[in-house]
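work11.cif follows (mmCIF, C-alpha atoms and all ligand atoms):
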```cif
data_protein
#
loop_
_atom_site.label_atom_id
_atom_site.label_comp_id
_atom_site.auth_asym_id
_atom_site.auth_seq_id
_atom_site.Cartn_x
_atom_site.Cartn_y
_atom_site.Cartn_z
CA MET Z 1 34.35 50.79 45.80
CA THR Z 2 35.73 51.99 49.14
CA ARG Z 3 39.47 51.70 49.14
CA ARG Z 4 41.75 51.55 52.17
CA ILE Z 5 45.11 53.18 51.69
CA GLY Z 6 47.87 52.74 54.26
CA ILE Z 7 50.27 55.60 54.92
CA LEU Z 8 53.54 55.62 56.85
CA THR Z 9 56.45 57.93 57.58
CA GLY Z 10 59.96 56.45 57.81
CA GLY Z 11 63.42 57.75 58.70
CA GLY Z 12 64.14 61.02 60.49
CA ASP Z 13 61.22 63.36 61.09
CA CYS Z 14 61.00 66.41 58.86
CA PRO Z 15 58.89 69.59 58.86
CA GLY Z 16 56.05 69.16 56.38
CA LEU Z 17 55.31 65.48 57.04
CA ASN Z 18 51.97 66.34 58.61
CA ALA Z 19 51.08 68.48 55.60
CA VAL Z 20 51.59 65.42 53.36
CA ILE Z 21 49.49 63.19 55.63
CA ARG Z 22 46.70 65.77 55.89
CA ALA Z 23 46.58 66.32 52.12
CA ALA Z 24 46.51 62.56 51.47
CA VAL Z 25 43.61 62.10 53.90
CA LYS Z 26 41.62 65.00 52.47
CA THR Z 27 42.23 63.96 48.85
CA ALA Z 28 41.31 60.34 49.60
CA ARG Z 29 38.15 61.47 51.36
CA GLY Z 30 37.19 63.28 48.14
CA TYR Z 31 37.17 59.87 46.42
CA GLY Z 32 35.26 58.29 49.29
CA TRP Z 33 38.33 56.32 50.40
CA GLU Z 34 39.84 55.72 53.84
CA ILE Z 35 43.39 56.39 54.87
CA ILE Z 36 44.88 54.12 57.52
CA GLY Z 37 47.81 55.50 59.49
CA ILE Z 38 50.64 53.07 60.22
CA ARG Z 39 52.71 53.87 63.30
CA ASP Z 40 56.51 54.12 63.28
CA GLY Z 41 57.21 53.38 59.64
CA PHE Z 42 57.30 49.78 58.47
CA ASP Z 43 57.46 48.66 62.08
CA GLY Z 44 53.75 49.48 62.41
CA LEU Z 45 52.96 47.02 59.61
CA ARG Z 46 55.22 44.40 61.14
CA ARG Z 47 53.56 44.77 64.57
CA VAL Z 48 50.10 45.68 63.18
CA ASP Z 49 49.86 49.07 64.82
CA THR Z 50 47.44 51.06 62.70
CA PHE Z 51 44.54 53.49 63.11
CA ARG Z 52 42.00 55.20 60.90
CA LEU Z 53 42.94 58.75 59.99
CA SER Z 54 39.61 60.45 60.57
CA ARG Z 55 38.82 64.13 60.06
CA GLU Z 56 39.39 64.57 63.83
CA ARG Z 57 42.88 63.01 63.73
CA ILE Z 58 44.18 65.49 61.17
CA LYS Z 59 42.69 68.59 62.76
CA GLY Z 60 45.27 71.36 63.28
CA ILE Z 61 48.29 69.35 62.15
CA LEU Z 62 49.28 71.47 59.12
CA PRO Z 63 51.57 73.87 61.04
CA GLN Z 64 53.00 71.16 63.31
CA GLY Z 65 56.51 69.76 62.92
CA GLY Z 66 57.24 66.04 63.37
CA THR Z 67 54.78 63.37 62.25
CA ILE Z 68 51.54 62.29 63.90
CA LEU Z 69 52.33 58.75 62.68
CA GLY Z 70 55.66 58.47 64.50
CA SER Z 71 58.78 57.38 62.68
CA THR Z 72 61.91 55.31 63.06
CA ASN Z 73 65.11 54.86 61.15
CA LYS Z 74 65.78 51.57 62.91
CA CYS Z 75 63.21 49.24 61.33
CA ASP Z 76 63.97 47.30 58.20
CA PRO Z 77 61.58 44.30 58.11
CA PHE Z 78 64.04 42.53 55.81
CA CYS Z 79 66.58 42.42 58.67
CA VAL Z 80 65.04 42.49 62.12
CA ARG Z 81 67.32 41.82 65.06
CA VAL Z 82 65.83 39.20 67.37
CA GLY Z 83 68.28 38.47 70.20
CA ASP Z 84 71.54 37.49 68.51
CA GLN Z 85 69.84 36.65 65.22
CA VAL Z 86 68.81 38.75 62.24
CA GLU Z 87 65.47 37.67 60.74
CA ASP Z 88 63.73 38.52 57.47
CA GLN Z 89 60.16 39.37 58.53
CA SER Z 90 59.09 40.84 55.19
CA ASP Z 91 56.59 38.01 54.58
CA GLN Z 92 54.85 38.94 57.82
CA VAL Z 93 54.55 42.55 56.63
CA VAL Z 94 53.04 41.46 53.30
CA GLU Z 95 50.63 39.19 55.19
CA ASN Z 96 49.65 41.99 57.60
CA PHE Z 97 49.09 44.37 54.69
CA LYS Z 98 46.52 41.90 53.32
CA LEU Z 99 44.95 41.15 56.72
CA GLU Z 100 44.47 44.88 57.28
CA GLY Z 101 42.51 44.99 54.03
CA LEU Z 102 44.79 47.61 52.50
CA ASP Z 103 44.64 48.28 48.77
CA ALA Z 104 47.73 50.47 48.47
CA LEU Z 105 50.53 51.93 50.56
CA ILE Z 106 51.92 55.48 50.55
CA THR Z 107 55.45 55.61 51.97
CA ILE Z 108 56.84 59.01 52.94
CA GLY Z 109 60.55 58.79 53.53
CA GLY Z 110 64.15 59.26 52.50
CA ASP Z 111 66.50 56.95 50.61
CA GLY Z 112 66.41 54.21 53.28
CA THR Z 113 62.60 54.09 53.47
CA GLN Z 114 62.25 54.20 49.68
CA ALA Z 115 64.73 51.36 49.23
CA ILE Z 116 62.64 49.19 51.60
CA ALA Z 117 59.39 50.33 49.92
CA TRP Z 118 60.81 49.34 46.53
CA LYS Z 119 61.52 45.83 47.84
CA PHE Z 120 57.93 45.53 49.10
CA PHE Z 121 56.64 46.71 45.73
CA GLN Z 122 58.59 43.85 44.18
CA LEU Z 123 56.88 41.51 46.67
CA GLY Z 124 53.50 42.65 45.40
CA ILE Z 125 52.49 45.60 47.64
CA PRO Z 126 51.12 48.45 45.49
CA VAL Z 127 53.35 51.29 46.68
CA VAL Z 128 53.47 55.01 45.90
CA ALA Z 129 56.41 56.92 47.40
CA VAL Z 130 56.75 60.52 48.57
CA PRO Z 131 60.32 61.84 48.93
CA LYS Z 132 61.29 63.36 52.29
CA THR Z 133 64.46 64.75 53.83
CA ILE Z 134 65.67 68.04 55.22
CA ASP Z 135 68.99 67.30 53.47
CA ASN Z 136 67.46 67.81 50.00
CA ASP Z 137 69.62 65.00 48.66
CA LEU Z 138 67.10 62.57 47.20
CA TYR Z 139 67.79 61.47 43.68
CA ALA Z 140 65.39 62.29 40.83
CA THR Z 141 63.62 65.15 42.59
CA ASP Z 142 64.71 68.77 42.41
CA ILE Z 143 63.68 69.57 45.97
CA THR Z 144 62.33 67.88 49.07
CA PHE Z 145 59.97 69.38 51.64
CA GLY Z 146 61.62 70.11 54.99
CA PHE Z 147 64.71 71.57 53.36
CA ASP Z 148 63.32 75.11 53.26
CA THR Z 149 62.43 75.00 56.96
CA ALA Z 150 65.83 73.57 57.91
CA VAL Z 151 67.65 76.25 55.90
CA GLU Z 152 65.48 78.93 57.50
CA THR Z 153 66.37 77.66 60.99
CA ALA Z 154 70.08 77.47 60.17
CA THR Z 155 70.05 80.94 58.60
CA LEU Z 156 68.32 82.47 61.63
CA ALA Z 157 70.90 80.80 63.87
CA ILE Z 158 73.75 82.27 61.82
CA ASP Z 159 72.04 85.68 61.97
CA LYS Z 160 71.94 85.36 65.76
CA LEU Z 161 75.62 84.48 65.93
CA HIS Z 162 76.64 87.58 63.99
CA PRO Z 163 76.29 90.08 66.87
CA THR Z 164 78.50 88.02 69.19
CA ALA Z 165 81.03 87.41 66.43
CA GLU Z 166 81.18 91.11 65.67
CA SER Z 167 81.09 92.40 69.27
CA HIS Z 168 83.81 90.01 70.45
CA GLU Z 169 85.81 89.89 67.21
CA ARG Z 170 85.39 86.15 67.18
CA VAL Z 171 85.27 83.35 64.66
CA MET Z 172 82.01 81.42 64.98
CA VAL Z 173 82.05 77.87 63.62
CA VAL Z 174 78.55 76.46 63.08
CA GLU Z 175 77.84 72.86 62.18
CA VAL Z 176 74.64 72.19 60.23
CA MET Z 177 73.10 68.88 59.11
CA GLY Z 178 74.01 67.20 55.86
CA ARG Z 179 75.84 63.90 56.14
CA GLY Z 180 76.22 63.14 52.46
CA ALA Z 181 75.29 66.43 50.80
CA GLY Z 182 76.02 70.05 51.58
CA TRP Z 183 72.77 71.68 50.44
CA ILE Z 184 71.81 73.04 53.87
CA ALA Z 185 75.31 74.41 54.52
CA LEU Z 186 75.47 75.96 51.06
CA HIS Z 187 72.10 77.69 51.22
CA ALA Z 188 72.21 78.73 54.89
CA GLY Z 189 75.83 79.84 54.43
CA ILE Z 190 74.95 82.12 51.53
CA ALA Z 191 71.75 83.39 53.18
CA GLY Z 192 73.54 83.97 56.50
CA GLY Z 193 76.54 85.76 54.98
CA ALA Z 194 79.14 83.10 55.87
CA ASP Z 195 82.78 83.59 54.97
CA VAL Z 196 83.62 79.91 54.71
CA ILE Z 197 81.31 76.99 53.80
CA LEU Z 198 82.55 73.42 54.15
CA ILE Z 199 80.55 70.69 52.39
CA PRO Z 200 81.03 66.95 51.81
CA GLU Z 201 81.36 67.43 48.05
CA ILE Z 202 84.47 69.66 48.30
CA SER Z 203 87.19 68.35 50.58
CA PHE Z 204 88.89 71.16 52.48
CA ASP Z 205 92.30 72.04 53.81
CA LEU Z 206 92.20 73.64 57.25
CA ASP Z 207 95.07 75.93 56.36
CA HIS Z 208 93.06 77.37 53.45
CA VAL Z 209 90.17 77.85 55.89
CA CYS Z 210 92.50 79.72 58.27
CA GLN Z 211 93.71 81.91 55.40
CA ALA Z 212 90.14 82.83 54.50
CA VAL Z 213 89.41 83.66 58.13
CA GLN Z 214 92.59 85.75 58.46
CA ARG Z 215 91.72 87.69 55.30
CA ARG Z 216 88.62 88.99 57.08
CA TYR Z 217 90.72 90.43 59.87
CA ASP Z 218 93.26 91.80 57.37
CA ILE Z 219 90.56 93.85 55.65
CA GLY Z 220 89.30 95.17 58.96
CA ARG Z 221 86.20 92.94 59.27
CA ASP Z 222 87.28 91.58 62.61
CA PHE Z 223 85.10 88.49 62.78
CA ALA Z 224 84.27 85.47 60.63
CA ILE Z 225 81.52 82.91 60.23
CA VAL Z 226 82.40 79.36 59.19
CA VAL Z 227 79.53 77.00 58.29
CA VAL Z 228 80.39 73.29 58.35
CA ALA Z 229 78.13 70.51 57.02
CA GLU Z 230 78.28 67.52 59.36
CA GLY Z 231 79.68 65.36 56.56
CA ALA Z 232 82.31 67.86 55.34
CA ARG Z 233 85.59 66.09 54.54
CA ILE Z 234 88.98 67.32 55.66
CA ARG Z 235 91.83 66.78 53.27
CA ASP Z 236 94.98 65.04 54.47
CA ASP Z 237 93.62 64.04 57.88
CA GLN Z 238 94.65 67.29 59.50
CA LEU Z 239 92.69 66.39 62.61
CA GLY Z 240 93.81 62.82 62.99
CA PRO Z 241 96.53 60.29 62.29
CA PRO Z 242 97.39 59.95 58.59
CA GLY Z 243 95.40 57.44 56.61
CA THR Z 244 92.48 57.22 59.01
CA GLY Z 245 90.03 59.40 57.09
CA ASN Z 246 88.09 61.67 59.40
CA PRO Z 247 88.38 59.83 62.70
CA ILE Z 248 86.77 62.59 64.69
CA THR Z 249 83.07 63.05 64.08
CA GLY Z 250 80.12 65.07 65.39
CA SER Z 251 80.49 67.98 67.77
CA ARG Z 252 84.00 66.90 68.76
CA ARG Z 253 85.10 67.34 65.17
CA THR Z 254 83.53 70.78 64.87
CA ASP Z 255 85.21 71.75 68.17
CA ARG Z 256 88.53 70.53 66.80
CA ILE Z 257 88.06 72.58 63.62
CA GLY Z 258 87.48 75.60 65.87
CA GLN Z 259 90.53 74.80 67.99
CA TYR Z 260 92.70 74.47 64.89
CA ILE Z 261 91.54 77.87 63.60
CA GLN Z 262 92.16 79.46 67.02
CA GLU Z 263 95.65 77.99 67.33
CA LYS Z 264 96.63 78.88 63.78
CA THR Z 265 95.16 82.40 63.56
CA GLY Z 266 95.26 83.47 67.21
CA HIS Z 267 91.66 84.66 67.02
CA ASP Z 268 89.08 83.74 69.61
CA VAL Z 269 86.83 80.95 68.28
CA ARG Z 270 83.53 79.48 69.46
CA ALA Z 271 82.01 76.38 67.87
CA MET Z 272 78.48 75.05 68.00
CA VAL Z 273 76.37 72.27 66.50
CA LEU Z 274 72.78 73.10 65.51
CA GLY Z 275 71.85 69.42 65.27
CA HIS Z 276 68.21 68.43 65.53
CA LEU Z 277 67.01 72.01 65.97
CA GLN Z 278 67.02 71.99 62.16
CA ARG Z 279 64.47 69.20 62.03
CA GLY Z 280 62.04 70.91 64.39
CA GLY Z 281 59.66 73.81 64.28
CA SER Z 282 56.68 74.68 62.19
CA PRO Z 283 57.16 74.09 58.44
CA THR Z 284 57.61 77.18 56.30
CA THR Z 285 54.90 78.22 53.85
CA PHE Z 286 56.93 76.64 51.05
CA ASP Z 287 57.16 73.29 52.84
CA ARG Z 288 53.47 73.30 53.76
CA VAL Z 289 52.52 73.88 50.13
CA LEU Z 290 55.01 71.35 48.75
CA GLY Z 291 53.98 68.75 51.34
CA SER Z 292 50.31 69.30 50.49
CA ARG Z 293 50.99 69.00 46.75
CA LEU Z 294 52.91 65.75 47.24
CA GLY Z 295 50.28 64.20 49.54
CA ALA Z 296 47.48 64.96 47.09
CA ALA Z 297 49.56 63.81 44.10
CA ALA Z 298 50.37 60.49 45.83
CA VAL Z 299 46.65 59.73 46.20
CA ARG Z 300 46.06 60.66 42.54
CA LEU Z 301 48.76 58.15 41.56
CA VAL Z 302 46.89 55.50 43.60
CA ARG Z 303 43.68 56.51 41.78
CA ASP Z 304 45.48 56.04 38.46
CA GLY Z 305 47.03 52.70 39.49
CA GLN Z 306 50.53 54.12 39.02
CA TYR Z 307 52.33 51.93 41.54
CA GLY Z 308 56.07 51.58 42.03
CA LYS Z 309 56.36 55.33 41.44
CA MET Z 310 57.69 58.22 43.49
CA VAL Z 311 56.20 61.70 43.11
CA ALA Z 312 59.14 63.88 42.09
CA VAL Z 313 59.46 67.63 41.66
CA ARG Z 314 60.82 68.66 38.26
CA GLY Z 315 61.00 72.40 37.83
CA ASN Z 316 57.61 73.52 39.05
CA THR Z 317 55.70 70.37 38.18
CA LEU Z 318 55.19 67.01 39.83
CA VAL Z 319 56.03 63.89 37.85
CA PRO Z 320 55.90 60.18 38.69
CA VAL Z 321 59.32 58.51 38.47
CA ASP Z 322 60.11 54.81 38.76
CA MET Z 323 61.16 53.90 42.29
CA ALA Z 324 63.79 51.63 40.75
CA GLU Z 325 65.47 54.74 39.40
CA VAL Z 326 65.64 56.29 42.87
CA ALA Z 327 66.39 53.43 45.27
CA GLY Z 328 69.73 53.78 47.03
CA LYS Z 329 70.83 56.92 45.18
CA VAL Z 330 71.52 60.42 46.50
CA ARG Z 331 71.70 63.82 44.84
CA THR Z 332 74.79 65.63 46.02
CA VAL Z 333 75.70 69.24 45.28
CA ASP Z 334 76.72 69.57 41.64
CA LEU Z 335 79.97 71.52 41.66
CA ASP Z 336 78.97 73.28 38.42
CA HIS Z 337 75.73 74.42 40.03
CA ASP Z 338 75.33 78.20 39.86
CA VAL Z 339 74.80 78.30 43.64
CA VAL Z 340 78.38 77.03 44.12
CA GLN Z 341 79.62 79.55 41.58
CA THR Z 342 77.60 82.28 43.27
CA ALA Z 343 79.22 81.47 46.62
CA ARG Z 344 82.67 81.74 45.04
CA ASP Z 345 81.69 85.00 43.31
CA LEU Z 346 80.64 86.36 46.71
CA GLY Z 347 84.13 85.62 48.02
CA ILE Z 348 83.05 82.66 50.14
CA SER Z 349 85.78 80.07 50.59
CA PHE Z 350 85.11 76.32 50.39
CA GLY Z 351 88.51 75.72 51.96
CA ASP Z 352 89.70 73.91 48.84
CA ARG Z 353 92.04 76.59 47.46
CA PRO Z 354 94.51 79.10 48.81
CA ILE Z 355 93.08 82.61 48.64
O1 LIG K 401 68.77 62.72 56.94
C1 LIG K 401 68.31 63.68 57.78
C2 LIG K 401 69.24 63.86 58.96
O2 LIG K 401 68.72 64.92 59.72
C3 LIG K 401 70.70 64.09 58.59
O3 LIG K 401 70.98 65.40 58.19
C4 LIG K 401 71.38 63.70 59.87
O4 LIG K 401 72.70 63.28 59.62
C5 LIG K 401 70.55 62.56 60.36
O5 LIG K 401 69.27 62.73 59.80
C6 LIG K 401 70.47 62.45 61.86
O6 LIG K 401 69.75 61.32 62.19
P1 LIG K 401 69.34 60.94 63.69
O7 LIG K 401 68.06 61.62 64.01
O8 LIG K 401 69.20 59.46 63.63
O9 LIG K 401 70.44 61.39 64.60
#
```

Serialized structure, structure tokens:
Amino acid sequence: MTRRIGILTGGGDCPGLNAVIRAAVKTARGYGWEIIGIRDGFDGLRRVDTFRLSRERIKGILPQGGTILGSTNKCDPFCVRVGDQVEDQSDQVVENFKLEGLDALITIGGDGTQAIAWKFFQLGIPVVAVPKTIDNDLYATDITFGFDTAVETATLAIDKLHPTAESHERVMVVEVMGRGAGWIALHAGIAGGADVILIPEISFDLDHVCQAVQRRYDIGRDFAIVVVAEGARIRDDQLGPPGTGNPITGSRRTDRIGQYIQEKTGHDVRAMVLGHLQRGGSPTTFDRVLGSRLGAAAVRLVRDGQYGKMVAVRGNTLVPVDMAEVAGKVRTVDLDHDVVQTARDLGISFGDRPI
């Protein structure tokens, strides 16, 4: 029996998405099945914007960043804004899934996409999920594709900041992605030889950060590199009025961290935000392989009728886990993780303690 499997990518783009799509198409073709691409996440099912993923359509996509399907983090069919109203259009999506003659749906996405996919599974759509995020913070899987590429980009950027830091005896403050989890900052910070790493899981005191920076100059290493995850939390509202949390966000906040260090230590500081550079570029070998493994495994789960499952990485194997277990949960940096301990052993400050 020829089967038609829909595939979509939701949330932020991520290097390796095309590897997943390509592997799913090739694996499905091996069973004599068709894969139907759905444009822009669930929005493509809501609007009925689909196309057959032929051999031609997947040619040459393995090394390409982004997603040939398009993506959005703005479409939740359960709450669609129509003028001033919010409508639940999930029934329309279920109807369109049937009208398109689809037998199963592969959803490639982060926590938001998987939470929506789980709701559609409960409404009767046979779903298999593939975890995706550069942040590496999806629950129940040890690693996500895209993370390796993002860390590589961030590490290369830190490497390129070193010469200026050293030549001008400056402090370079670099913001990397990671709203809820500090995996990118932690890994790129260690790989790039940072002196301070600030992550959401460990709230920091700017005065401890300044101390760590000053120690570098005291020992004659007249420069410092500070890596800040975008979601890093400052203790005691040092950059804003008391009781308001972290009122300053984004590049302004990273600039203010730099200003604070400059005013307190007297050293010249430059701050920068890497932003979406970390989501771009060709996926690393690791991400191409992981993406391919996940795409093929997702189709095998469809073959086996294992719906409502996400393909997770456990150690070096792939296992199906219940989507219910994953929906709405994130995997933050475990403070007992040896990578955190390693950073401390290397003399890297998290800004949480006086040195
Ligand atoms: O979740 C991936 C991520 O890149 C986060 O690290 C970042 O906070 C967010 O997406 C940015 O999203 P957007 O592309 O909507 O600005």

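Among the candidate residues Z:Ala191, Z:Ala229, Z:Val273, Z:Ile36, the one lying nearest to ligand LIG 401 (chain K) is Z:Ala229, with distances computed using only C-alpha atoms and all ligand atoms.
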
- Note on the structure: CA of Gly41 (chain Z) to CA of Thr9 (chain Z) measures 5.1 Å

- Message: If the limit is 9 Å from any atom of ligand LIG 401 (chain K), counting all atoms listed in the file, which residues qualify? Return them as a PyMOL selection string.
- Response: chain Z and resi 11-14+72-74+110-111+132-137+176-181+184+229-231+275-276+278-279

- CA of Glu34 (chain Z) sits from CA of Arg4 (chain Z) at a separation of 4.9 Å

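Across Z:Thr155, Z:Pro163, Z:Ile5, Z:Val196, the tightest approach to Arg300 (chain Z) is made by Z:Ile5 when counting only C-alpha atoms.
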
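CA of Ala297 (chain Z) is found 14.2 Å from CA of Thr141 (chain Z).
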
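Candidate residues Z:Thr144, Z:Thr265, Z:Thr317, Z:Ser90 were compared for distance to Val20 (chain Z), and the nearest is Z:Thr144, using all atoms listed in the file.
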
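Considering all atoms listed in the file, the residue among Z:Leu17, Z:Ala157, Z:Val228, Z:Ala140 positioned nearest to Ser71 (chain Z) is Z:Leu17.
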
5 Å per side around region 212-222 of chain Z: axis-aligned box centre and edge lengths, as JSON:
```
{"center_x": 89.7, "center_y": 89.0, "center_z": 58.6, "size_x": 17.1, "size_y": 22.3, "size_z": 18.1}
```

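Look at everything within 10 Å of (84.0, 81.3, 63.2) using all atoms listed in the file, and the residues you get are Z:Leu161, Z:His162, Z:Ala165, Z:Glu169, Z:Arg170, Z:Val171, Z:Met172, Z:Val173, Z:Val174, Z:Ala194, Z:Asp195, Z:Val196, Z:Cys210, Z:Val213, Z:Phe223, Z:Ala224, Z:Ile225, Z:Val226, Z:Val227, Z:Ile257, Z:Gly258, Z:Ile261, Z:Gln262, Z:His267, Z:Asp268, Z:Val269, Z:Arg270, Z:Ala271, Z:Met272.
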
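Residues within 9 Å of Glu201 (chain Z), counting all atoms listed in the file and excluding same-chain residues fewer than 6 positions away, are Gly180, Ala181, Gly182, Gly231, Ala232, Arg233, Thr332, Val333, Asp334 and Leu335 of chain Z.
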
- Close residues, region 351-353 of chain Z itself excluded, 6 Å, all atoms listed in the file, min 4 positions apart in chain, as a PyMOL selection string: chain Z and resi 204-205+208-209

Would you save the residues of that selection, restricted to C-alpha atoms, as a PDB file, keeping the file's coordinate frame?
```
ATOM      1  CA  PHE Z 204      88.890  71.160  52.480  1.00  0.00           C
ATOM      2  CA  ASP Z 205      92.300  72.040  53.810  1.00  0.00           C
ATOM      3  CA  HIS Z 208      93.060  77.370  53.450  1.00  0.00           C
ATOM      4  CA  VAL Z 209      90.170  77.850  55.890  1.00  0.00           C
TER       5      VAL Z 209
END
```

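Residue nearest Ile199 (chain Z), chosen from Z:Tyr139, Z:Tyr217, Z:Phe147, Z:Trp183 and counting all atoms listed in the file: Z:Trp183.
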
Mind checking which residues fall within 10 Å of Val93 (chain Z), counting all atoms listed in the file, ignoring those fewer than 6 positions away in the same chain, and posting them as a short mmCIF file (atom, residue, chain, number, x, y, z; two decimals) with C-alpha atoms, in the coordinates of the input?
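This went into out02.cif:
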```
data_model
loop_
_atom_site.label_atom_id
_atom_site.label_comp_id
_atom_site.auth_asym_id
_atom_site.auth_seq_id
_atom_site.Cartn_x
_atom_site.Cartn_y
_atom_site.Cartn_z
CA PHE Z 42 57.30 49.78 58.47
CA ASP Z 43 57.46 48.66 62.08
CA GLY Z 44 53.75 49.48 62.41
CA LEU Z 45 52.96 47.02 59.61
CA ARG Z 46 55.22 44.40 61.14
CA ARG Z 47 53.56 44.77 64.57
CA VAL Z 48 50.10 45.68 63.18
CA PRO Z 77 61.58 44.30 58.11
CA PHE Z 78 64.04 42.53 55.81
CA LEU Z 99 44.95 41.15 56.72
CA PHE Z 120 57.93 45.53 49.10
CA ILE Z 125 52.49 45.60 47.64
#
```

- Point out the residue among Z:Ala28, Z:Ala19, Z:Ala154, Z:Leu294 with the least atom-to-atom distance to Ile190 (chain Z), counting all atoms listed in the file. Z:Ala154
